[in-house]
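Containing mmCIF, C-alpha atoms and all ligand atoms: input39.cif.
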```cif
data_model
loop_
_atom_site.label_atom_id
_atom_site.label_comp_id
_atom_site.auth_asym_id
_atom_site.auth_seq_id
_atom_site.Cartn_x
_atom_site.Cartn_y
_atom_site.Cartn_z
CA MET A 1 12.47 -33.26 -17.01
CA GLY A 2 10.52 -35.88 -18.93
CA GLY A 3 6.76 -35.73 -19.16
CA ASN A 4 6.69 -38.85 -17.09
CA ARG A 5 7.15 -37.28 -13.67
CA ILE A 6 5.00 -38.86 -11.07
CA THR A 7 3.88 -36.57 -8.32
CA ARG A 8 3.98 -37.38 -4.64
CA ARG A 9 0.19 -37.27 -4.58
CA ARG A 10 -0.07 -39.97 -7.21
CA PHE A 11 2.48 -42.04 -5.34
CA LEU A 12 0.60 -41.82 -2.12
CA GLY A 13 -2.34 -43.36 -4.03
CA VAL A 14 -0.11 -46.12 -5.34
CA SER A 15 1.49 -46.78 -2.00
CA ALA A 16 -1.81 -46.71 -0.11
CA ALA A 17 -3.08 -49.37 -2.50
CA ALA A 18 0.14 -51.31 -2.05
CA ALA A 19 -0.16 -50.97 1.72
CA SER A 20 -3.65 -52.41 1.75
CA SER A 21 -2.66 -55.35 -0.44
CA LEU A 22 0.25 -55.83 1.94
CA THR A 23 -2.21 -56.16 4.79
CA LEU A 24 -4.24 -58.73 2.85
CA ALA A 25 -1.36 -60.73 1.49
CA GLY A 26 0.78 -60.67 4.61
CA CYS A 27 4.42 -59.74 4.36
CA GLY A 28 5.46 -62.52 2.00
CA GLN A 29 6.95 -60.50 -0.81
CA PHE A 30 8.01 -57.61 1.44
CA ASP A 31 10.34 -59.40 3.80
CA PHE A 32 12.76 -56.51 3.66
CA LEU A 33 10.11 -54.48 5.48
CA GLY A 34 9.33 -57.24 7.91
CA GLN A 35 12.88 -57.31 9.21
CA ARG A 36 12.65 -53.79 10.49
CA ASP A 37 8.95 -53.41 11.17
CA ASN A 38 7.00 -55.08 13.90
CA GLU A 39 3.25 -55.36 14.43
CA VAL A 40 3.10 -52.18 16.46
CA ARG A 41 4.35 -49.96 13.67
CA GLY A 42 1.46 -48.33 11.84
CA VAL A 43 0.18 -48.77 8.34
CA LEU A 44 1.19 -45.18 7.66
CA GLU A 45 4.78 -46.01 8.32
CA ARG A 46 4.54 -48.94 5.92
CA ALA A 47 2.95 -46.64 3.39
CA ASN A 48 5.91 -44.29 3.74
CA ASP A 49 8.33 -47.16 3.25
CA LEU A 50 6.39 -48.17 0.17
CA THR A 51 6.29 -44.60 -1.12
CA TYR A 52 10.07 -44.74 -0.89
CA ARG A 53 10.33 -48.14 -2.63
CA VAL A 54 7.79 -47.20 -5.29
CA GLN A 55 9.45 -43.86 -6.02
CA ARG A 56 12.84 -45.53 -6.30
CA ALA A 57 11.42 -48.32 -8.49
CA LEU A 58 9.32 -46.17 -10.85
CA LEU A 59 11.52 -43.11 -11.16
CA GLY A 60 14.92 -44.71 -10.64
CA ASP A 61 17.69 -43.35 -8.47
CA ASP A 62 19.13 -40.78 -10.83
CA TRP A 63 16.40 -38.36 -11.85
CA LEU A 64 17.18 -34.71 -11.19
CA ALA A 65 14.96 -32.23 -9.43
CA ARG A 66 13.87 -29.41 -11.73
CA GLU A 67 16.27 -26.50 -11.97
CA PHE A 68 15.16 -22.94 -12.69
CA SER A 69 16.64 -19.84 -14.27
CA ALA A 70 17.87 -16.81 -12.30
CA SER A 71 14.85 -14.76 -13.42
CA GLU A 72 12.61 -17.19 -11.55
CA ILE A 73 14.09 -16.24 -8.16
CA ARG A 74 11.32 -13.94 -6.95
CA GLN A 75 12.20 -13.28 -3.32
CA GLY A 76 14.70 -14.28 -0.68
CA GLN A 77 14.50 -17.75 0.82
CA ARG A 78 11.88 -17.55 3.55
CA PRO A 79 13.53 -18.63 6.81
CA ASN A 80 11.69 -21.35 8.69
CA GLY A 81 12.19 -23.45 11.81
CA SER A 82 15.28 -22.39 13.74
CA THR A 83 16.53 -19.05 12.49
CA ASP A 84 18.91 -17.93 15.25
CA PRO A 85 20.51 -20.78 17.21
CA THR A 86 21.48 -19.97 20.80
CA THR A 87 23.62 -22.94 21.80
CA PRO A 88 26.99 -21.80 23.21
CA GLU A 89 28.85 -23.84 20.56
CA TYR A 90 27.02 -22.05 17.78
CA MET A 91 27.21 -18.56 19.27
CA PHE A 92 30.94 -18.96 19.79
CA LEU A 93 31.48 -19.86 16.12
CA GLN A 94 29.11 -17.14 14.92
CA GLN A 95 31.01 -14.44 16.85
CA ARG A 96 34.11 -15.22 14.84
CA ASN A 97 32.18 -15.42 11.59
CA PHE A 98 32.63 -19.21 11.53
CA ALA A 99 36.41 -18.97 11.08
CA ASP A 100 36.85 -21.84 13.58
CA TYR A 101 34.11 -24.02 12.10
CA ARG A 102 35.02 -27.57 11.15
CA LEU A 103 32.64 -30.09 9.67
CA GLU A 104 33.28 -33.45 11.34
CA VAL A 105 32.68 -36.55 9.22
CA GLY A 106 32.80 -39.92 10.95
CA GLY A 107 31.01 -43.13 11.81
CA LEU A 108 31.26 -46.04 9.35
CA VAL A 109 34.15 -44.59 7.34
CA ASP A 110 37.78 -45.65 6.90
CA THR A 111 39.23 -42.22 7.70
CA PRO A 112 37.23 -39.85 9.92
CA MET A 113 38.10 -36.29 8.90
CA SER A 114 37.12 -32.71 9.56
CA PHE A 115 37.00 -29.83 7.09
CA SER A 116 37.17 -26.05 7.47
CA LEU A 117 34.87 -23.83 5.41
CA GLU A 118 37.81 -22.83 3.28
CA GLU A 119 38.63 -26.46 2.57
CA LEU A 120 35.01 -27.11 1.63
CA ARG A 121 34.97 -24.05 -0.65
CA ASN A 122 38.13 -25.27 -2.38
CA MET A 123 36.56 -28.61 -3.29
CA PRO A 124 34.64 -29.07 -6.58
CA GLN A 125 31.54 -26.86 -6.42
CA ARG A 126 28.05 -27.10 -7.77
CA THR A 127 25.47 -24.31 -8.12
CA GLN A 128 21.79 -25.00 -8.67
CA ILE A 129 18.57 -23.00 -8.69
CA THR A 130 15.84 -25.12 -7.19
CA ARG A 131 12.48 -24.87 -5.51
CA HIS A 132 12.27 -25.53 -1.79
CA ASP A 133 8.90 -26.98 -0.78
CA CYS A 134 8.01 -26.80 2.89
CA VAL A 135 5.50 -29.29 4.23
CA GLU A 136 3.60 -26.28 5.62
CA GLY A 137 2.57 -25.39 2.08
CA TRP A 138 4.94 -22.68 0.84
CA SER A 139 7.72 -22.79 -1.76
CA CYS A 140 10.72 -20.61 -2.61
CA ILE A 141 13.09 -20.70 -5.55
CA ALA A 142 16.69 -19.98 -4.60
CA LYS A 143 20.22 -20.47 -5.86
CA TRP A 144 22.44 -22.74 -3.79
CA SER A 145 26.20 -23.33 -4.05
CA GLY A 146 28.37 -25.83 -2.29
CA VAL A 147 30.34 -29.03 -2.48
CA PRO A 148 28.60 -32.23 -3.57
CA LEU A 149 28.19 -34.46 -0.52
CA ALA A 150 29.46 -37.36 -2.68
CA HIS A 151 32.83 -35.65 -2.92
CA VAL A 152 33.11 -35.31 0.86
CA LEU A 153 32.07 -38.94 1.33
CA ASP A 154 34.80 -40.03 -1.09
CA GLN A 155 37.44 -38.28 1.05
CA VAL A 156 36.58 -40.30 4.16
CA ARG A 157 35.85 -43.54 2.29
CA VAL A 158 32.48 -44.90 3.33
CA ARG A 159 32.50 -48.48 4.57
CA PRO A 160 30.26 -51.03 2.83
CA GLN A 161 28.08 -51.52 5.94
CA ALA A 162 27.00 -47.86 5.94
CA ARG A 163 23.40 -47.29 4.81
CA TYR A 164 22.49 -43.79 5.95
CA VAL A 165 24.03 -40.37 6.42
CA VAL A 166 23.01 -38.59 9.61
CA PHE A 167 23.30 -34.79 9.76
CA ARG A 168 23.72 -33.36 13.25
CA CYS A 169 22.92 -29.70 13.74
CA PHE A 170 23.95 -26.93 16.12
CA ASP A 171 20.51 -25.48 16.69
CA ASN A 172 18.39 -26.05 19.74
CA ILE A 173 15.01 -26.24 18.05
CA GLU A 174 13.55 -26.92 21.49
CA ARG A 175 14.76 -25.26 24.66
CA GLY A 176 13.36 -27.26 27.55
CA LEU A 177 13.91 -27.41 31.29
CA THR A 178 15.66 -30.74 30.77
CA GLY A 179 18.01 -29.22 28.21
CA ASP A 180 18.21 -28.41 24.54
CA VAL A 181 16.84 -30.66 21.81
CA LEU A 182 19.07 -30.43 18.74
CA TYR A 183 17.77 -30.78 15.18
CA TYR A 184 19.02 -33.72 13.14
CA GLU A 185 18.17 -35.43 9.86
CA SER A 186 19.21 -38.37 7.73
CA CYS A 187 19.06 -39.72 4.20
CA ASP A 188 20.07 -42.90 2.42
CA LEU A 189 23.25 -43.21 0.38
CA ILE A 190 21.35 -42.90 -2.89
CA ASP A 191 20.22 -39.38 -1.99
CA ALA A 192 23.56 -38.65 -0.32
CA ARG A 193 25.41 -39.40 -3.56
CA HIS A 194 22.84 -37.77 -5.84
CA PRO A 195 24.49 -35.04 -7.96
CA GLN A 196 22.17 -32.33 -6.61
CA THR A 197 22.85 -33.18 -2.97
CA ILE A 198 25.27 -30.50 -1.83
CA LEU A 199 26.60 -29.03 1.38
CA ALA A 200 25.71 -25.43 0.65
CA HIS A 201 27.69 -22.49 2.05
CA ALA A 202 26.18 -19.86 -0.28
CA MET A 203 22.66 -18.80 -1.21
CA ASN A 204 21.65 -16.38 -3.97
CA ASP A 205 25.33 -15.49 -4.58
CA ALA A 206 26.09 -14.50 -0.98
CA ALA A 207 27.42 -16.39 2.05
CA LEU A 208 24.63 -18.44 3.60
CA PRO A 209 22.79 -16.19 6.09
CA VAL A 210 22.37 -17.33 9.70
CA ALA A 211 18.59 -17.52 9.23
CA ASN A 212 19.05 -20.07 6.44
CA GLY A 213 21.60 -22.31 8.15
CA ALA A 214 25.05 -20.68 8.23
CA PRO A 215 27.72 -21.77 7.86
CA LEU A 216 26.63 -25.00 6.13
CA ARG A 217 23.34 -26.69 5.29
CA VAL A 218 22.44 -29.65 3.17
CA ARG A 219 20.27 -29.53 0.03
CA ILE A 220 18.49 -32.77 -0.83
CA GLU A 221 16.51 -31.46 -3.74
CA ARG A 222 14.13 -34.36 -4.33
CA GLN A 223 12.64 -34.15 -0.85
CA LEU A 224 10.68 -31.71 1.31
CA GLY A 225 12.22 -28.81 3.21
CA TYR A 226 12.51 -30.43 6.61
CA LYS A 227 15.07 -32.93 5.21
CA MET A 228 17.46 -30.06 4.38
CA ALA A 229 19.30 -29.75 7.66
CA LYS A 230 20.65 -26.27 8.44
CA TYR A 231 23.54 -25.48 10.83
CA VAL A 232 25.22 -28.85 10.13
CA SER A 233 27.87 -29.58 12.76
CA SER A 234 28.76 -33.15 11.84
CA ILE A 235 27.97 -35.99 9.51
CA GLU A 236 27.86 -39.58 10.66
CA LEU A 237 27.66 -42.69 8.50
CA VAL A 238 25.51 -45.36 10.15
CA ASP A 239 23.89 -48.69 9.34
CA SER A 240 20.77 -47.84 11.34
CA PHE A 241 19.35 -44.77 13.08
CA ALA A 242 17.25 -46.78 15.53
CA ASP A 243 19.47 -45.74 18.46
CA ILE A 244 19.66 -42.04 17.61
CA ALA A 245 17.24 -39.70 19.47
CA GLY A 246 13.68 -40.97 18.86
CA GLY A 247 14.91 -43.59 16.38
CA LYS A 248 13.00 -42.37 13.32
CA GLY A 249 15.86 -40.65 11.51
CA GLY A 250 15.09 -36.98 12.13
CA TYR A 251 13.73 -34.37 14.52
CA TRP A 252 10.40 -34.11 12.68
CA GLU A 253 10.30 -37.83 11.91
CA ASP A 254 10.49 -38.49 15.65
CA ARG A 255 7.34 -36.35 15.86
CA GLY A 256 5.42 -38.21 13.16
CA TYR A 257 6.61 -36.90 9.78
CA ASP A 258 7.59 -39.33 7.00
CA TRP A 259 11.28 -40.23 6.88
CA TYR A 260 11.12 -40.38 3.10
CA ALA A 261 9.72 -37.00 2.04
CA GLY A 262 9.91 -37.38 -1.74
CA ILE A 263 8.18 -34.61 -3.64
N1 LIG B 301 18.86 -27.38 11.72
C1 LIG B 301 17.64 -27.17 11.23
N2 LIG B 301 17.41 -27.48 9.95
C2 LIG B 301 16.19 -27.27 9.41
C3 LIG B 301 15.12 -26.74 10.18
C4 LIG B 301 15.39 -26.40 11.53
O1 LIG B 301 14.54 -25.90 12.29
N3 LIG B 301 16.68 -26.62 12.01
N4 LIG B 301 13.88 -26.56 9.61
C5 LIG B 301 13.60 -27.30 8.38
C6 LIG B 301 12.43 -26.85 7.65
S1 LIG B 301 10.90 -27.38 8.16
C7 LIG B 301 12.52 -26.12 6.51
S2 LIG B 301 11.18 -25.71 5.55
C8 LIG B 301 13.83 -25.60 6.07
C9 LIG B 301 13.79 -24.11 6.05
O2 LIG B 301 14.97 -23.63 5.44
P1 LIG B 301 15.11 -22.05 5.27
O3 LIG B 301 15.04 -21.46 6.66
O4 LIG B 301 16.40 -21.83 4.59
O5 LIG B 301 13.93 -21.62 4.44
O6 LIG B 301 14.91 -26.01 6.90
C10 LIG B 301 14.79 -27.29 7.43
N5 LIG B 301 16.01 -27.58 8.12
MO MO B 302 9.51 -27.05 6.38
#
```
Translate this structure into structure tokens?
Amino acid sequence: MGGNRITRRRFLGVSAAAASSLTLAGCGQFDFLGQRDNEVRGVLERANDLTYRVQRALLGDDWLAREFSASEIRQGQRPNGSTDPTTPEYMFLQQRNFADYRLEVGGLVDTPMSFSLEELRNMPQRTQITRHDCVEGWSCIAKWSGVPLAHVLDQVRVRPQARYVVFRCFDNIERGLTGDVLYYESCDLIDARHPQTILAHAMNDAALPVANGAPLRVRIERQLGYKMAKYVSSIELVDSFADIAGGKGGYWEDRGYDWYAGI
């Protein structure tokens, strides 16, 4: 990677400055934010939006996350969050070693489709050794293999109105009296079509373990760990995620984390 990488920390400085000038100058030159934001939304959320805009503007859409060599894989990928889903749908599939699994892809597409694991494994594959950074402060280098999400999106033909990809997951990250809360995530189409964004079915040269998201999890290598949905059951193309769950685009986002978690 070039010597010009800008870290998230430096961005947050830039975007905090941008956010305060936004407050002073009003929303004049940021009308695209004004359409979605209202007065109640916090400055932090604007700062996150600006982090996103600034990162896109300064770094461009195409830069690749750093890749490592096999000798830099020091330990297994540390499982985090859900590690053993107990929803009936998941346990049923797990019992049969995911032979009946099908990834559903729908929403704003011309041809909704579903794919078996074998079909996904027979598509063009990409393998990459990358570092996973969890917001809790730990990192792991691991090798991931799978089909580029861009390839899957091309099969179903994404409609022009689509802006985001939503990943729905099998795992009940919360088990409450009122029912299970399922994990979900989302990204924009720039990250969805990025060459390192893959639907991974293998990790460190073996089938993806249950603890790390079997049978399929997404890798979005330029963002933090919580964006990388495990146990993906379906993919939906949408023009807004305002009406999904808490409306912020992900399980952790609904609980206050940034939607754009660029590293
Ligand atoms: N479905 C689902 N995906 C998830 C999570 C989760 O709890 N459920 N946790 C997230 C978080 S916070 C991290 S750090 C990574 C952990 O991935 P790993 O268990 O393979 O290390 O998965 C992310 N994706
Ligand atoms: Mo995480």
A:Gln196, A:Ser233, A:Asn212, A:Asn80: which is nearest ligand MO 302 (chain B), counting only C-alpha atoms and all ligand atoms? A:Asn80
If we count only C-alpha atoms and set the cut-off at 12 Å, which residues sit around Gln155 in chain A, ignoring sequence neighbours fewer than 2 positions away in its own chain? Please answer as an NGL selection string. :A and (105-106 or 109-115 or 119-120 or 123 or 148-153 or 157-159)
Restricting the output to C-alpha atoms, write the selected residues as a PDB file, in the frame of the given file.
```
ATOM      1  CA  VAL A 105      32.680 -36.550   9.220  1.00  0.00           C
ATOM      2  CA  GLY A 106      32.800 -39.920  10.950  1.00  0.00           C
ATOM      3  CA  VAL A 109      34.150 -44.590   7.340  1.00  0.00           C
ATOM      4  CA  ASP A 110      37.780 -45.650   6.900  1.00  0.00           C
ATOM      5  CA  THR A 111      39.230 -42.220   7.700  1.00  0.00           C
ATOM      6  CA  PRO A 112      37.230 -39.850   9.920  1.00  0.00           C
ATOM      7  CA  MET A 113      38.100 -36.290   8.900  1.00  0.00           C
ATOM      8  CA  SER A 114      37.120 -32.710   9.560  1.00  0.00           C
ATOM      9  CA  PHE A 115      37.000 -29.830   7.090  1.00  0.00           C
ATOM     10  CA  GLU A 119      38.630 -26.460   2.570  1.00  0.00           C
ATOM     11  CA  LEU A 120      35.010 -27.110   1.630  1.00  0.00           C
ATOM     12  CA  MET A 123      36.560 -28.610  -3.290  1.00  0.00           C
ATOM     13  CA  PRO A 148      28.600 -32.230  -3.570  1.00  0.00           C
ATOM     14  CA  LEU A 149      28.190 -34.460  -0.520  1.00  0.00           C
ATOM     15  CA  ALA A 150      29.460 -37.360  -2.680  1.00  0.00           C
ATOM     16  CA  HIS A 151      32.830 -35.650  -2.920  1.00  0.00           C
ATOM     17  CA  VAL A 152      33.110 -35.310   0.860  1.00  0.00           C
ATOM     18  CA  LEU A 153      32.070 -38.940   1.330  1.00  0.00           C
ATOM     19  CA  ARG A 157      35.850 -43.540   2.290  1.00  0.00           C
ATOM     20  CA  VAL A 158      32.480 -44.900   3.330  1.00  0.00           C
ATOM     21  CA  ARG A 159      32.500 -48.480   4.570  1.00  0.00           C
TER      22      ARG A 159
END
```
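As for CA of Pro215 in chain A and CA of Asp100 in chain A, they are spaced 10.8 Å apart.
Comparing the minimum interatomic distances between Ser71 in chain A and each of A:Ser234, A:Thr83, A:Thr51, A:Asn204, counting all atoms listed in the file, we find that A:Asn204 sits nearest.
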Find, counting all atoms listed in the file, the residue in A:Tyr101, A:Phe167, A:Trp252, A:Trp144 that gets nearest to Thr127 in chain A. A:Trp144
To one decimal in Å, tell me the separation between CA of Val165 in chain A and CA of Leu189 in chain A. 6.7 Å
Could you tell me how far CA of Thr197 in chain A sits from CA of Asp180 in chain A, in Å to one decimal place? 28.3 Å
Site check for ligand LIG 301 (chain B): residues at most 7 Å away, only C-alpha atoms and all ligand atoms, as number ranges by chain: A: 77-83, 133-135, 169-171, 173, 183-184, 211-213, 225-232
Output C-alpha atoms for every residue in the selection just made, as a PDB file, keeping the file's coordinate frame.
```
ATOM      1  CA  GLN A  77      14.500 -17.750   0.820  1.00  0.00           C
ATOM      2  CA  ARG A  78      11.880 -17.550   3.550  1.00  0.00           C
ATOM      3  CA  PRO A  79      13.530 -18.630   6.810  1.00  0.00           C
ATOM      4  CA  ASN A  80      11.690 -21.350   8.690  1.00  0.00           C
ATOM      5  CA  GLY A  81      12.190 -23.450  11.810  1.00  0.00           C
ATOM      6  CA  SER A  82      15.280 -22.390  13.740  1.00  0.00           C
ATOM      7  CA  THR A  83      16.530 -19.050  12.490  1.00  0.00           C
ATOM      8  CA  ASP A 133       8.900 -26.980  -0.780  1.00  0.00           C
ATOM      9  CA  CYS A 134       8.010 -26.800   2.890  1.00  0.00           C
ATOM     10  CA  VAL A 135       5.500 -29.290   4.230  1.00  0.00           C
ATOM     11  CA  CYS A 169      22.920 -29.700  13.740  1.00  0.00           C
ATOM     12  CA  PHE A 170      23.950 -26.930  16.120  1.00  0.00           C
ATOM     13  CA  ASP A 171      20.510 -25.480  16.690  1.00  0.00           C
ATOM     14  CA  ILE A 173      15.010 -26.240  18.050  1.00  0.00           C
ATOM     15  CA  TYR A 183      17.770 -30.780  15.180  1.00  0.00           C
ATOM     16  CA  TYR A 184      19.020 -33.720  13.140  1.00  0.00           C
ATOM     17  CA  ALA A 211      18.590 -17.520   9.230  1.00  0.00           C
ATOM     18  CA  ASN A 212      19.050 -20.070   6.440  1.00  0.00           C
ATOM     19  CA  GLY A 213      21.600 -22.310   8.150  1.00  0.00           C
ATOM     20  CA  GLY A 225      12.220 -28.810   3.210  1.00  0.00           C
ATOM     21  CA  TYR A 226      12.510 -30.430   6.610  1.00  0.00           C
ATOM     22  CA  LYS A 227      15.070 -32.930   5.210  1.00  0.00           C
ATOM     23  CA  MET A 228      17.460 -30.060   4.380  1.00  0.00           C
ATOM     24  CA  ALA A 229      19.300 -29.750   7.660  1.00  0.00           C
ATOM     25  CA  LYS A 230      20.650 -26.270   8.440  1.00  0.00           C
ATOM     26  CA  TYR A 231      23.540 -25.480  10.830  1.00  0.00           C
ATOM     27  CA  VAL A 232      25.220 -28.850  10.130  1.00  0.00           C
TER      28      VAL A 232
END
```
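Using all atoms listed in the file, the smallest distance between any of A:Arg131, A:Arg163, A:Arg53, A:Arg121 and Ile220 in chain A comes from A:Arg131.
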Smallest atom-to-atom distance to ligand MO 302 (chain B): which of A:Gly60, A:Pro88, A:Gly137, A:Gly249, using all atoms listed in the file? A:Gly137
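Of the listed residues A:Ile73, A:Asp239, A:Ala47, A:Gly250, the one whose atoms come nearest to Ser139 in chain A is A:Ile73, with distances taken using all atoms listed in the file.
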